[in-house]
>>> print(open('model_14.txt').read())   # compact mmCIF, C-alpha atoms and all ligand atoms
# COMPACT_ATOMS: atom_id res chain seq x y z
CA MET A 1 15.80 -72.37 -20.17
CA ARG A 2 13.63 -73.77 -22.96
CA PRO A 3 14.35 -77.49 -23.05
CA PHE A 4 12.17 -78.17 -26.06
CA ALA A 5 13.46 -75.31 -28.22
CA ALA A 6 16.20 -75.89 -30.77
CA PRO A 7 18.52 -72.97 -31.62
CA VAL A 8 18.22 -73.48 -35.37
CA SER A 9 15.93 -75.34 -37.75
CA ASP A 10 16.61 -79.08 -37.71
CA ALA A 11 15.51 -79.74 -41.30
CA GLY A 12 17.29 -82.73 -42.79
CA ARG A 13 19.65 -83.34 -39.87
CA SER A 14 20.22 -86.61 -38.10
CA ALA A 15 19.45 -86.76 -34.37
CA LEU A 16 23.18 -87.02 -33.69
CA GLU A 17 23.99 -83.93 -35.76
CA GLN A 18 21.27 -82.00 -33.93
CA PHE A 19 22.64 -83.18 -30.57
CA ALA A 20 26.11 -81.89 -31.52
CA ILE A 21 24.66 -78.53 -32.65
CA ASP A 22 22.65 -78.16 -29.44
CA VAL A 23 25.62 -79.07 -27.21
CA GLU A 24 27.79 -76.53 -28.99
CA TYR A 25 25.10 -73.83 -28.71
CA TYR A 26 24.00 -74.38 -25.11
CA LEU A 27 27.47 -74.99 -23.61
CA THR A 28 28.67 -71.65 -24.94
CA LEU A 29 25.77 -69.68 -23.41
CA THR A 30 26.20 -67.79 -20.14
CA PRO A 31 25.35 -69.49 -17.85
CA ARG A 32 26.36 -72.77 -19.51
CA GLN A 33 23.37 -75.02 -20.16
CA LEU A 34 22.36 -78.34 -21.68
CA PRO A 35 18.76 -79.09 -22.76
CA SER A 36 17.01 -81.56 -20.46
CA ARG A 37 15.47 -83.42 -23.41
CA TYR A 38 18.87 -85.10 -23.87
CA PHE A 39 18.61 -86.90 -20.50
CA TYR A 40 16.57 -89.65 -22.11
CA ASP A 41 18.95 -92.07 -23.81
CA ALA A 42 18.42 -95.76 -22.89
CA LEU A 43 20.26 -95.44 -19.55
CA GLY A 44 18.72 -92.04 -18.78
CA SER A 45 15.22 -93.40 -19.45
CA ALA A 46 15.90 -96.36 -17.13
CA LEU A 47 17.18 -93.98 -14.44
CA PHE A 48 14.07 -91.82 -14.85
CA GLU A 49 11.86 -94.90 -14.42
CA ALA A 50 13.81 -95.60 -11.21
CA ILE A 51 13.28 -92.00 -10.03
CA CYS A 52 9.53 -92.50 -10.50
CA ARG A 53 9.67 -95.36 -7.97
CA LEU A 54 11.59 -93.42 -5.32
CA PRO A 55 9.62 -92.64 -2.15
CA TRP A 56 10.82 -89.01 -2.28
CA TYR A 57 9.53 -88.39 -5.84
CA GLY A 58 5.75 -88.12 -5.46
CA ILE A 59 4.69 -87.08 -8.99
CA THR A 60 4.20 -90.55 -10.47
CA ARG A 61 2.56 -92.03 -7.40
CA ALA A 62 0.16 -89.12 -6.89
CA GLU A 63 -0.83 -89.00 -10.54
CA ARG A 64 -1.47 -92.74 -10.75
CA ASP A 65 -3.61 -92.62 -7.59
CA LEU A 66 -5.67 -89.73 -8.96
CA LEU A 67 -6.16 -91.45 -12.32
CA ALA A 68 -7.28 -94.65 -10.60
CA ARG A 69 -9.65 -92.88 -8.18
CA ARG A 70 -10.98 -90.24 -10.57
CA GLY A 71 -10.65 -91.94 -13.96
CA GLN A 72 -14.37 -92.52 -14.32
CA GLU A 73 -15.18 -88.87 -13.59
CA ILE A 74 -12.46 -87.67 -15.96
CA LEU A 75 -13.71 -89.76 -18.87
CA ALA A 76 -17.34 -88.89 -18.07
CA HIS A 77 -16.48 -85.15 -18.36
CA ALA A 78 -14.80 -85.77 -21.72
CA GLU A 79 -17.76 -87.71 -23.19
CA PRO A 80 -18.54 -88.73 -25.86
CA VAL A 81 -14.84 -89.55 -26.20
CA SER A 82 -13.75 -91.71 -29.13
CA THR A 83 -10.07 -90.73 -29.34
CA LEU A 84 -7.43 -90.61 -26.63
CA VAL A 85 -4.04 -89.04 -27.28
CA GLU A 86 -1.06 -89.13 -24.96
CA LEU A 87 1.93 -86.83 -25.41
CA GLY A 88 4.92 -88.77 -24.05
CA PRO A 89 3.25 -91.97 -22.83
CA GLY A 90 6.34 -93.42 -21.07
CA SER A 91 5.54 -97.01 -20.11
CA GLY A 92 1.83 -96.50 -20.94
CA GLU A 93 0.85 -97.43 -17.38
CA LYS A 94 -0.91 -94.16 -16.56
CA LEU A 95 -2.99 -94.35 -19.72
CA ALA A 96 -3.82 -97.98 -18.90
CA THR A 97 -4.86 -96.92 -15.38
CA LEU A 98 -7.22 -94.29 -16.79
CA ILE A 99 -8.76 -96.68 -19.31
CA GLU A 100 -9.22 -99.40 -16.69
CA ALA A 101 -10.76 -96.94 -14.24
CA GLY A 102 -13.20 -95.28 -16.57
CA LEU A 103 -13.74 -96.72 -20.02
CA VAL A 104 -17.40 -97.45 -20.75
CA PRO A 105 -17.59 -101.26 -21.36
CA GLY A 106 -17.87 -102.12 -25.05
CA ARG A 107 -16.80 -98.61 -26.14
CA ARG A 108 -14.39 -98.55 -29.11
CA LEU A 109 -11.49 -96.22 -28.66
CA THR A 110 -8.64 -95.07 -30.87
CA VAL A 111 -5.51 -94.30 -28.86
CA HIS A 112 -2.71 -92.21 -30.38
CA LEU A 113 0.69 -92.36 -28.68
CA ILE A 114 3.16 -89.57 -29.53
CA ASP A 115 6.83 -89.73 -28.60
CA VAL A 116 10.22 -89.25 -30.23
CA SER A 117 11.41 -92.53 -28.69
CA PRO A 118 10.49 -95.74 -30.58
CA ALA A 119 11.32 -97.75 -27.42
CA ALA A 120 8.73 -95.77 -25.41
CA LEU A 121 6.10 -96.23 -28.14
CA ASP A 122 6.77 -99.95 -28.25
CA LEU A 123 6.57 -100.35 -24.46
CA ALA A 124 3.38 -98.28 -24.17
CA SER A 125 1.73 -100.23 -27.03
CA ARG A 126 2.53 -103.50 -25.26
CA THR A 127 1.09 -102.18 -21.99
CA LEU A 128 -2.18 -101.31 -23.77
CA ALA A 129 -2.26 -104.68 -25.58
CA ALA A 130 -2.13 -106.38 -22.16
CA LEU A 131 -5.32 -104.64 -21.00
CA GLU A 132 -8.52 -106.58 -20.63
CA ALA A 133 -10.56 -106.33 -23.86
CA PRO A 134 -7.68 -104.88 -25.95
CA GLN A 135 -9.77 -105.64 -29.08
CA SER A 136 -11.89 -102.54 -28.38
CA ILE A 137 -8.79 -100.31 -28.53
CA ASP A 138 -6.97 -99.37 -31.75
CA VAL A 139 -3.48 -98.08 -31.01
CA VAL A 140 -1.72 -95.74 -33.46
CA THR A 141 1.86 -94.67 -32.74
CA HIS A 142 3.54 -91.48 -33.96
CA GLN A 143 7.30 -91.26 -33.64
CA ALA A 144 7.40 -87.49 -33.63
CA ALA A 145 7.76 -84.35 -31.54
CA TYR A 146 4.52 -83.57 -29.67
CA GLU A 147 3.29 -80.77 -31.90
CA ALA A 148 4.03 -82.61 -35.17
CA GLY A 149 2.37 -85.76 -33.79
CA LEU A 150 -0.74 -83.82 -32.77
CA GLU A 151 -1.00 -82.32 -36.25
CA ALA A 152 -0.82 -85.84 -37.72
CA VAL A 153 -3.61 -86.95 -35.35
CA ALA A 154 -5.74 -83.93 -36.30
CA ARG A 155 -5.43 -84.88 -39.99
CA ARG A 156 -6.71 -88.44 -39.51
CA ARG A 157 -9.15 -88.20 -36.61
CA GLY A 158 -12.73 -89.32 -37.12
CA THR A 159 -15.87 -87.84 -35.65
CA GLY A 160 -16.36 -87.72 -31.87
CA ARG A 161 -14.48 -86.02 -29.09
CA MET A 162 -10.79 -86.27 -28.38
CA LEU A 163 -9.14 -86.27 -24.94
CA THR A 164 -5.42 -85.43 -24.91
CA LEU A 165 -3.21 -86.28 -21.93
CA PHE A 166 -0.11 -84.33 -20.99
CA LEU A 167 0.89 -85.93 -17.73
CA GLY A 168 3.84 -86.39 -15.39
CA SER A 169 4.33 -82.64 -14.87
CA ASN A 170 6.17 -82.53 -18.19
CA ILE A 171 4.77 -79.02 -18.58
CA GLY A 172 7.06 -78.10 -15.66
CA ASN A 173 10.13 -78.57 -17.84
CA PHE A 174 9.10 -75.61 -20.03
CA ASP A 175 9.90 -72.07 -18.93
CA PRO A 176 6.78 -69.81 -18.74
CA PRO A 177 6.99 -68.42 -22.31
CA GLY A 178 7.76 -71.92 -23.59
CA ALA A 179 4.75 -73.36 -21.74
CA ASP A 180 2.48 -70.65 -23.16
CA ALA A 181 3.70 -71.26 -26.71
CA PHE A 182 3.48 -75.03 -26.40
CA LEU A 183 -0.07 -75.00 -24.99
CA ARG A 184 -1.19 -72.60 -27.71
CA ASN A 185 0.12 -75.05 -30.31
CA VAL A 186 -1.73 -77.89 -28.59
CA ARG A 187 -4.93 -75.82 -28.62
CA ALA A 188 -4.47 -75.08 -32.34
CA ALA A 189 -4.37 -78.82 -33.11
CA LEU A 190 -7.65 -79.49 -31.23
CA ALA A 191 -11.26 -78.83 -32.17
CA ALA A 192 -13.61 -76.81 -29.94
CA GLY A 193 -15.09 -79.21 -27.39
CA ASP A 194 -12.01 -81.46 -27.24
CA THR A 195 -10.54 -81.86 -23.77
CA LEU A 196 -7.02 -81.77 -22.32
CA LEU A 197 -5.86 -83.34 -19.06
CA VAL A 198 -2.67 -81.86 -17.62
CA GLY A 199 -0.68 -83.20 -14.65
CA THR A 200 1.31 -80.61 -12.69
CA ASP A 201 3.49 -80.84 -9.62
CA LEU A 202 2.57 -78.17 -7.07
CA VAL A 203 4.66 -75.79 -4.97
CA LYS A 204 5.45 -77.51 -1.67
CA PRO A 205 7.85 -77.07 1.24
CA GLU A 206 11.48 -76.73 0.15
CA PRO A 207 12.81 -79.79 2.04
CA GLU A 208 10.35 -82.02 0.13
CA LEU A 209 11.44 -80.56 -3.21
CA GLN A 210 15.07 -80.94 -2.22
CA MET A 211 14.64 -84.64 -1.43
CA ALA A 212 12.67 -85.21 -4.65
CA TYR A 213 15.49 -83.78 -6.79
CA ASP A 214 18.50 -84.84 -4.69
CA ASP A 215 17.49 -88.23 -3.34
CA PRO A 216 19.52 -90.08 -0.71
CA LEU A 217 20.14 -93.02 -3.08
CA GLY A 218 21.81 -90.79 -5.65
CA VAL A 219 19.54 -91.90 -8.52
CA THR A 220 18.73 -88.32 -9.57
CA ALA A 221 22.43 -87.46 -9.37
CA ALA A 222 23.19 -90.38 -11.72
CA PHE A 223 20.36 -89.25 -14.05
CA ASN A 224 21.90 -85.77 -14.20
CA ARG A 225 25.53 -86.91 -14.60
CA ASN A 226 24.54 -89.44 -17.28
CA LEU A 227 24.06 -86.48 -19.63
CA LEU A 228 27.85 -85.99 -19.64
CA MET A 229 28.33 -89.75 -20.17
CA ARG A 230 26.07 -89.45 -23.19
CA ILE A 231 28.11 -86.57 -24.59
CA ASN A 232 31.29 -88.59 -24.04
CA ARG A 233 29.84 -91.66 -25.74
CA GLU A 234 27.98 -90.07 -28.64
CA LEU A 235 30.09 -87.00 -29.36
CA GLY A 236 33.53 -88.41 -28.41
CA ALA A 237 33.99 -85.95 -25.50
CA ASP A 238 36.30 -86.47 -22.52
CA PHE A 239 34.34 -85.10 -19.54
CA ASN A 240 35.80 -86.50 -16.30
CA ILE A 241 32.44 -87.58 -14.89
CA ASN A 242 33.84 -88.15 -11.39
CA GLU A 243 34.67 -84.44 -11.23
CA PHE A 244 31.11 -83.24 -11.86
CA HIS A 245 28.66 -83.19 -8.98
CA HIS A 246 24.89 -83.00 -8.93
CA ARG A 247 23.22 -79.94 -7.40
CA ALA A 248 19.49 -79.30 -7.03
CA VAL A 249 18.28 -75.90 -5.82
CA TRP A 250 14.83 -74.47 -5.19
CA ASN A 251 14.56 -71.04 -6.81
CA ALA A 252 11.54 -69.62 -4.96
CA ALA A 253 11.45 -66.37 -6.94
CA GLU A 254 11.05 -68.31 -10.20
CA SER A 255 9.04 -71.17 -8.65
CA ARG A 256 11.34 -73.85 -10.04
CA VAL A 257 13.75 -76.56 -8.97
CA GLU A 258 16.96 -76.18 -10.96
CA MET A 259 19.39 -79.00 -11.56
CA HIS A 260 23.02 -78.19 -12.21
CA LEU A 261 26.29 -80.07 -12.69
CA VAL A 262 29.15 -78.52 -10.74
CA ALA A 263 32.82 -79.00 -11.67
CA GLY A 264 34.83 -80.23 -8.67
CA SER A 265 38.15 -79.18 -10.17
CA ARG A 266 39.67 -77.35 -13.14
CA GLN A 267 39.08 -79.26 -16.38
CA HIS A 268 39.70 -78.85 -20.08
CA VAL A 269 37.05 -80.78 -22.04
CA ARG A 270 37.21 -81.59 -25.74
CA ILE A 271 33.96 -82.36 -27.61
CA PRO A 272 35.16 -83.29 -31.11
CA ALA A 273 31.79 -83.90 -32.79
CA ALA A 274 30.63 -80.43 -31.65
CA SER A 275 34.00 -78.85 -32.65
CA LEU A 276 34.17 -77.45 -29.13
CA ASP A 277 36.73 -77.11 -26.34
CA VAL A 278 35.45 -75.94 -22.94
CA ASP A 279 37.43 -74.90 -19.86
CA PHE A 280 35.89 -75.36 -16.42
CA ASP A 281 37.20 -73.95 -13.14
CA ALA A 282 36.31 -75.64 -9.86
CA GLY A 283 32.77 -74.51 -8.99
CA ASP A 284 31.71 -73.78 -12.59
CA THR A 285 28.24 -75.06 -13.37
CA ILE A 286 26.14 -76.41 -16.24
CA TRP A 287 22.40 -75.81 -15.84
CA THR A 288 20.68 -78.97 -17.05
CA GLU A 289 17.01 -78.72 -16.06
CA SER A 290 14.25 -76.54 -14.65
CA SER A 291 11.17 -78.10 -13.08
CA TYR A 292 8.57 -75.39 -12.56
CA LYS A 293 6.14 -75.91 -9.70
CA TYR A 294 2.64 -74.49 -9.97
CA ARG A 295 -0.14 -73.33 -7.69
CA PRO A 296 -3.55 -74.80 -8.63
CA ASP A 297 -4.85 -71.43 -9.91
CA ASP A 298 -1.69 -70.87 -11.98
CA VAL A 299 -2.46 -74.04 -13.92
CA ILE A 300 -5.94 -72.76 -14.79
CA ALA A 301 -4.45 -69.38 -15.76
CA VAL A 302 -1.76 -70.77 -18.08
CA LEU A 303 -4.32 -73.04 -19.78
CA GLY A 304 -6.76 -70.12 -20.03
CA ARG A 305 -4.18 -68.00 -21.84
CA ALA A 306 -3.82 -70.79 -24.40
CA GLY A 307 -7.57 -70.90 -25.16
CA PHE A 308 -8.90 -73.53 -22.75
CA ARG A 309 -11.79 -73.30 -20.25
CA PRO A 310 -11.51 -75.15 -16.90
CA MET A 311 -13.78 -78.17 -16.34
CA ASP A 312 -12.45 -79.71 -13.15
CA GLN A 313 -9.32 -80.06 -11.04
CA TRP A 314 -8.33 -82.90 -8.70
CA ILE A 315 -5.60 -82.43 -6.11
CA ASP A 316 -3.51 -84.96 -4.22
CA GLU A 317 -2.88 -83.15 -0.94
CA ILE A 318 -0.34 -85.68 0.32
CA ASP A 319 2.18 -85.30 -2.49
CA GLY A 320 1.04 -81.87 -3.72
CA PHE A 321 0.01 -82.68 -7.27
CA ALA A 322 -2.87 -81.56 -9.53
CA LEU A 323 -4.72 -83.05 -12.47
CA THR A 324 -6.55 -80.32 -14.38
CA LEU A 325 -9.16 -81.00 -17.05
CA VAL A 326 -9.91 -78.22 -19.54
CA VAL A 327 -11.95 -77.93 -22.71
CA ALA A 328 -10.87 -76.23 -25.92
CA ALA A 329 -12.98 -73.07 -26.08
C1 LIG B 1 10.12 -85.48 -16.76
N1 LIG B 1 10.10 -84.41 -15.74
C2 LIG B 1 8.75 -83.96 -15.46
C3 LIG B 1 10.85 -84.73 -14.52
C4 LIG B 1 10.77 -83.56 -13.51
O1 LIG B 1 10.38 -83.81 -12.37
O2 LIG B 1 11.05 -82.43 -13.90
C5 LIG B 1 12.31 -85.06 -14.81
C6 LIG B 1 13.13 -85.22 -13.55
N2 LIG B 1 14.20 -84.53 -13.25
C7 LIG B 1 14.66 -84.93 -12.09
N3 LIG B 1 13.88 -85.86 -11.60
C8 LIG B 1 12.90 -86.08 -12.51
>>> encode(input="model_14.txt", output="structure tokens")
Amino acid sequence: MRPFAAPVSDAGRSALEQFAIDVEYYLTLTPRQLPSRYFYDALGSALFEAICRLPWYGITRAERDLLARRGQEILAHAEPVSTLVELGPGSGEKLATLIEAGLVPGRRLTVHLIDVSPAALDLASRTLAALEAPQSIDVVTHQAAYEAGLEAVARRRGTGRMLTLFLGSNIGNFDPPGADAFLRNVRAALAAGDTLLVGTDLVKPEPELQMAYDDPLGVTAAFNRNLLMRINRELGADFNINEFHHRAVWNAAESRVEMHLVAGSRQHVRIPAASLDVDFDAGDTIWTESSYKYRPDDVIAVLGRAGFRPMDQWIDEIDGFALTLVVAA
């Protein structure tokens, strides 16, 4: 599954038209799928923020701890850094943690935030404005897909080094060819000597992964099922949400947690805006997300294939998470 790939060019289309096209395309594949990028409407984003606070989901906690403990080292490696870029800043808290932990006092910094969501850009900008000494930080927002945003940054960057952050194990939502292609595009937008910090969740015992993606409070289940709510609301569909159940499975051979929605009974679903009718039998599934889990050396290898050289790697052994710093070769 390639959650960030669109089946056709999206030139000139509204976001809603593209959503309808994607739903029509992915729901008629075998197996049926939906791209995970559509989880993040307002409710889905709030549910994801809640997931990040769950005790069973260690990614956010581990990453924040590493950034707080190692921030100074990370920024020292990237010196002389004048530009920070974050792809998908979320609430901006991780970036704020890094800046607080390691920014040289008095240093002026330009921070570029790239996200398709204006709400995320607004929230992250406010988080940075609340930092001590915000006057030494110029924040520029780019409401854009990651690659397009990075190209815009490359066009207007000044002299000095740039450190780009791709955190939260977002790389895990790309399949291996998608991750390779994406990281190559990131490399192409950077200059030699620029650095990239990538957060990746690591392979860990299956029961831990199971709890992280099928939590006892049912927050991840709600996050998954909300995708059908979104299709009902935005595309006028009539999914019976109560009859779709969340399933998370660890696929060891592919090194990924898969999330699926499973029909509990036979259903005929109409999706008018996608000009689509779909029949489900009890037990039929829709594959909604893959979260690839890495081994520390795999992270170095995938970044190496994209044209980066390793600088350092920090591992949180408790939650099984890695921050990897590489330099554009
Ligand atoms: C955003 N992404 C890295 C999360 C993940 O872990 O794959 C999304 C998520 N899906 C279920 N829980 C969290």
>>> atom_distance(input="model_14.txt", atom1="atom CA of Ser290 of chain A", atom2="atom C4 of ligand LIG 1 (chain B)")
7.9 Å
>>> residues_around(input="model_14.txt", residues="Leu202 of chain A", least_positions_apart="5", cutoff="7 Å", atoms="only C-alpha atoms", output="list of chain:residue names")
A:Lys293, A:Tyr294, A:Arg295, A:Gly320, A:Phe321, A:Ala322
>>> residues_near_ligand(input="model_14.txt", ligand="ligand LIG 1 (chain B)", cutoff="6 Å", atoms="only C-alpha atoms and all ligand atoms", output="mmCIF file with C-alpha atoms, in the coordinates of the input")
data_model
loop_
_atom_site.group_PDB
_atom_site.id
_atom_site.type_symbol
_atom_site.label_atom_id
_atom_site.label_comp_id
_atom_site.auth_asym_id
_atom_site.auth_seq_id
_atom_site.Cartn_x
_atom_site.Cartn_y
_atom_site.Cartn_z
ATOM 1 C CA GLY A 168 3.840 -86.390 -15.390
ATOM 2 C CA SER A 169 4.330 -82.640 -14.870
ATOM 3 C CA ASN A 170 6.170 -82.530 -18.190
ATOM 4 C CA ASN A 173 10.130 -78.570 -17.840
ATOM 5 C CA TYR A 213 15.490 -83.780 -6.790
ATOM 6 C CA THR A 220 18.730 -88.320 -9.570
ATOM 7 C CA SER A 291 11.170 -78.100 -13.080
#
>>> residues_around(input="model_14.txt", residues="Ile241 of chain A", least_positions_apart="6", cutoff="8 Å", atoms="all atoms listed in the file", output="ChimeraX atom specification")
/A:225,228-229
>>> axis_aligned_box(input="model_14.txt", around="segment 19-30 of chain A", padding_each_side="8 Å", output="lines of an AutoDock Vina configuration file")
center_x = 25.7
center_y = -75.5
center_z = -26.4
size_x = 22.0
size_y = 31.4
size_z = 28.5
>>> atom_distance(input="model_14.txt", atom1="atom CA of Arg270 of chain A", atom2="atom CA of Phe239 of chain A")
7.7 Å
>>> residues_around(input="model_14.txt", residues="Gly218 of chain A", least_positions_apart="3", cutoff="12 Å", atoms="all atoms listed in the file", output="PDB file with C-alpha atoms, keeping the file's coordinate frame")
ATOM      1  CA  LEU A  47      17.180 -93.980 -14.440  1.00  0.00           C
ATOM      2  CA  ALA A  50      13.810 -95.600 -11.210  1.00  0.00           C
ATOM      3  CA  ILE A  51      13.280 -92.000 -10.030  1.00  0.00           C
ATOM      4  CA  LEU A  54      11.590 -93.420  -5.320  1.00  0.00           C
ATOM      5  CA  TRP A  56      10.820 -89.010  -2.280  1.00  0.00           C
ATOM      6  CA  MET A 211      14.640 -84.640  -1.430  1.00  0.00           C
ATOM      7  CA  ALA A 212      12.670 -85.210  -4.650  1.00  0.00           C
ATOM      8  CA  TYR A 213      15.490 -83.780  -6.790  1.00  0.00           C
ATOM      9  CA  ASP A 214      18.500 -84.840  -4.690  1.00  0.00           C
ATOM     10  CA  ASP A 215      17.490 -88.230  -3.340  1.00  0.00           C
ATOM     11  CA  ALA A 221      22.430 -87.460  -9.370  1.00  0.00           C
ATOM     12  CA  ALA A 222      23.190 -90.380 -11.720  1.00  0.00           C
ATOM     13  CA  PHE A 223      20.360 -89.250 -14.050  1.00  0.00           C
ATOM     14  CA  ASN A 224      21.900 -85.770 -14.200  1.00  0.00           C
ATOM     15  CA  ARG A 225      25.530 -86.910 -14.600  1.00  0.00           C
ATOM     16  CA  HIS A 245      28.660 -83.190  -8.980  1.00  0.00           C
ATOM     17  CA  HIS A 246      24.890 -83.000  -8.930  1.00  0.00           C
ATOM     18  CA  ARG A 247      23.220 -79.940  -7.400  1.00  0.00           C
ATOM     19  CA  ALA A 248      19.490 -79.300  -7.030  1.00  0.00           C
TER      20      ALA A 248
END
>>> closest_residue(input="model_14.txt", among="A:Asp122, A:Glu73, A:Glu132, A:Asp180", to="Ala96 of chain A", atoms="all atoms listed in the file")
A:Glu132
>>> atom_distance(input="model_14.txt", atom1="atom CA of Pro118 of chain A", atom2="atom CA of Ala191 of chain A")
27.6 Å
>>> residues_around(input="model_14.txt", residues="Ala78 of chain A", least_positions_apart="4", cutoff="7 Å", atoms="only C-alpha atoms", output="mmCIF file with C-alpha atoms, in the frame of the given file")
data_model
loop_
_atom_site.group_PDB
_atom_site.id
_atom_site.type_symbol
_atom_site.label_atom_id
_atom_site.label_comp_id
_atom_site.auth_asym_id
_atom_site.auth_seq_id
_atom_site.Cartn_x
_atom_site.Cartn_y
_atom_site.Cartn_z
ATOM 1 C CA ILE A 74 -12.460 -87.670 -15.960
ATOM 2 C CA LEU A 163 -9.140 -86.270 -24.940
ATOM 3 C CA THR A 195 -10.540 -81.860 -23.770
#
>>> residues_near_point(input="model_14.txt", point="(25.4, -87.2, -22.9)", cutoff="12 Å", atoms="only C-alpha atoms", output="VMD selection string")
chain A and resid 16 19 to 20 22 to 23 34 to 44 222 to 239 241 271 288
>>> closest_residue(input="model_14.txt", among="A:Thr83, A:Gln72, A:Asn242, A:Ser14", to="Leu190 of chain A", atoms="only C-alpha atoms")
A:Thr83
>>> residues_near_point(input="model_14.txt", point="(-7.4, -86.2, -14.8)", cutoff="6 Å", atoms="all atoms listed in the file", output="list in words")
Leu67, Ile74, Leu197, Leu323, Thr324 and Leu325 of chain A
>>> closest_residue(input="model_14.txt", among="A:Glu93, A:Arg61, A:His142, A:Gly88", to="Thr164 of chain A", atoms="only C-alpha atoms")
A:Gly88
>>> closest_residue(input="model_14.txt", among="A:Ala101, A:Ser82, A:Ala189, A:Asp297", to="Ile315 of chain A", atoms="all atoms listed in the file")
A:Asp297
>>> residues_around(input="model_14.txt", residues="Ser255 of chain A", least_positions_apart="3", cutoff="8 Å", atoms="only C-alpha atoms", output="PyMOL selection string")
chain A and resi 203+250-252+292-294
>>> closest_residue(input="model_14.txt", among="A:Val219, A:Glu79, A:Asp319, A:Arg107", to="Gly160 of chain A", atoms="all atoms listed in the file")
A:Glu79
>>> closest_residue(input="model_14.txt", among="A:Ile318, A:Val269, A:Leu196, A:Leu95", to="Ala124 of chain A", atoms="all atoms listed in the file")
A:Leu95
